[in-house]
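Only one structure is covered here, and it is reproduced in the block below.
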Amino acid sequence: MKIPAHPTLIQRALDARLKQLQAQGPVLAASLVTVHRTCGKPACRCARGHKHPGQYLTWKEQGKTRSAYVPQALFPQVQSWQNEYHRLKRLIGESSQLSLALVKTHTTQQRRRAGRS
């Protein structure tokens, strides 16, 4: 993200990010992983190496990694929840960078204004 040099432009960009910072649906801070497993049936193809794929969520809870199976019917929804989390996380990072840039340019802007008076 390119940060503007002028405080007014920085504030405008920051305001635009803050407007977008509203969740548009459920938010999920977890990772989706695909795990290939065997089902245990001796005649199944997975016993010969063609394992069954399954989708799982993993997340940290009190310092431990937890996981949960994601049914195929819920997979698209869970993906969109996770994408919403990443979108919000990106916006928060950009807002933080813009706020920091606003603080850094504040002193320079004050000096310019003082020189004009």
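Letters A, B, ... go to the chains of the structure tokens in the order shown; residues in each chain start at 1; ligands are counted from 1 in the same order.
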
>> If you run DSSP on the backbone here, which positions in region 10-113 of chain A get strand (DSSP E)? Please write them as a ChimeraX atom specification.
In response: /A:31-37,52-61,64-70

Region 87-98 of chain A: which residues within 7 Å, counting only C-alpha atoms, same-chain residues fewer than 3 positions away excluded, as an mmCIF file with N, CA and C atoms, in the first residue's frame?
data_model
loop_
_atom_site.group_PDB
_atom_site.id
_atom_site.type_symbol
_atom_site.label_atom_id
_atom_site.label_comp_id
_atom_site.auth_asym_id
_atom_site.auth_seq_id
_atom_site.Cartn_x
_atom_site.Cartn_y
_atom_site.Cartn_z
ATOM 1 N N ILE A 3 1.526 5.022 0.785
ATOM 2 C CA ILE A 3 1.023 6.003 1.752
ATOM 3 C C ILE A 3 1.248 7.402 1.187
ATOM 4 N N ILE A 10 -3.679 11.511 3.655
ATOM 5 C CA ILE A 10 -3.567 10.378 4.585
ATOM 6 C C ILE A 10 -4.881 10.219 5.341
ATOM 7 N N LEU A 14 -7.396 7.086 5.345
ATOM 8 C CA LEU A 14 -7.727 6.453 6.621
ATOM 9 C C LEU A 14 -9.242 6.388 6.807
ATOM 10 N N ARG A 17 -10.679 3.614 4.722
ATOM 11 C CA ARG A 17 -10.449 2.283 5.315
ATOM 12 C C ARG A 17 -11.394 2.034 6.488
ATOM 13 N N LEU A 21 -14.386 -0.957 7.410
ATOM 14 C CA LEU A 21 -14.012 -1.815 8.526
ATOM 15 C C LEU A 21 -15.203 -2.424 9.263
ATOM 16 N N ASN A 83 -12.319 -15.615 4.610
ATOM 17 C CA ASN A 83 -11.938 -14.508 3.727
ATOM 18 C C ASN A 83 -12.311 -13.163 4.341
ATOM 19 N N GLU A 84 -13.456 -13.109 5.026
ATOM 20 C CA GLU A 84 -13.873 -11.880 5.695
ATOM 21 C C GLU A 84 -12.887 -11.514 6.804
ATOM 22 N N ALA A 101 1.500 7.126 9.802
ATOM 23 C CA ALA A 101 1.961 8.140 8.854
ATOM 24 C C ALA A 101 1.393 9.510 9.221
ATOM 25 N N LEU A 102 0.162 9.533 9.706
ATOM 26 C CA LEU A 102 -0.455 10.793 10.124
ATOM 27 C C LEU A 102 0.292 11.389 11.309
#

> region 107-113 of chain A: which residues within 10 Å, counting only C-alpha atoms, same-chain residues fewer than 4 positions away excluded, as an MDAnalysis selection string?
Replying inline: chainID A and resid 6:7 102:103 117

Write the residues of the selection above to a file with N, CA and C atoms, as a PDB file, in the first residue's frame.
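Result file follows (again26.pdb):
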ATOM      1  N   HIS A   6       0.881  13.895   2.013  1.00  0.00           N
ATOM      2  CA  HIS A   6       0.188  15.016   2.661  1.00  0.00           C
ATOM      3  C   HIS A   6      -0.806  14.516   3.708  1.00  0.00           C
ATOM      4  N   PRO A   7      -0.850  15.172   4.874  1.00  0.00           N
ATOM      5  CA  PRO A   7      -1.747  14.723   5.950  1.00  0.00           C
ATOM      6  C   PRO A   7      -3.228  14.653   5.559  1.00  0.00           C
ATOM      7  N   LEU A 102       0.162   9.533   9.706  1.00  0.00           N
ATOM      8  CA  LEU A 102      -0.455  10.793  10.124  1.00  0.00           C
ATOM      9  C   LEU A 102       0.292  11.389  11.309  1.00  0.00           C
ATOM     10  N   VAL A 103       0.689  10.555  12.253  1.00  0.00           N
ATOM     11  CA  VAL A 103       1.463  11.021  13.408  1.00  0.00           C
ATOM     12  C   VAL A 103       2.824  11.538  12.956  1.00  0.00           C
ATOM     13  N   SER A 117       2.963  31.830   9.248  1.00  0.00           N
ATOM     14  CA  SER A 117       2.343  32.888  10.062  1.00  0.00           C
ATOM     15  C   SER A 117       3.206  34.101  10.184  1.00  0.00           C
TER      16      SER A 117
END

>> Which residues are close to Ala30 (chain A), i.e. within 8 Å by only C-alpha atoms, leaving aside same-chain residues fewer than 5 positions away? Reply as number ranges by chain.
In response: A: 57-60, 82

> as a PyMOL selection string, which residues of chain A does DSSP assign to alpha helix (DSSP H)?
Replying inline: chain A and resi 7-20+75-116

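Residue neighbourhood of region 65-69 of chain A, excluding near-sequence residues (fewer than 5 positions): Ala30, Ser31, Leu32, Val33, Thr34, Val35, Pro53, Gly54, Gln55, Tyr56, Leu57, Thr58, Trp59, Lys60, Leu74, Phe75 and Val78 of chain A, at 12 Å, using only C-alpha atoms.
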
> Using only C-alpha atoms, which residues sit within 12 Å of Lys41 (chain A) once same-chain residues fewer than 6 positions away are excluded, as number ranges by chain?
Replying inline: A: 47-48, 51-52

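Going from CA of Ala16 (chain A) to CA of Leu100 (chain A) covers 15.8 Å.
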
>> Between CA of Ala23 (chain A) and CA of Tyr85 (chain A), what distance in Å does the model show, to one decimal?
In response: 8.4 Å

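In this model, the gap between CA of Pro76 (chain A) and CA of Met1 (chain A) comes to 28.9 Å.
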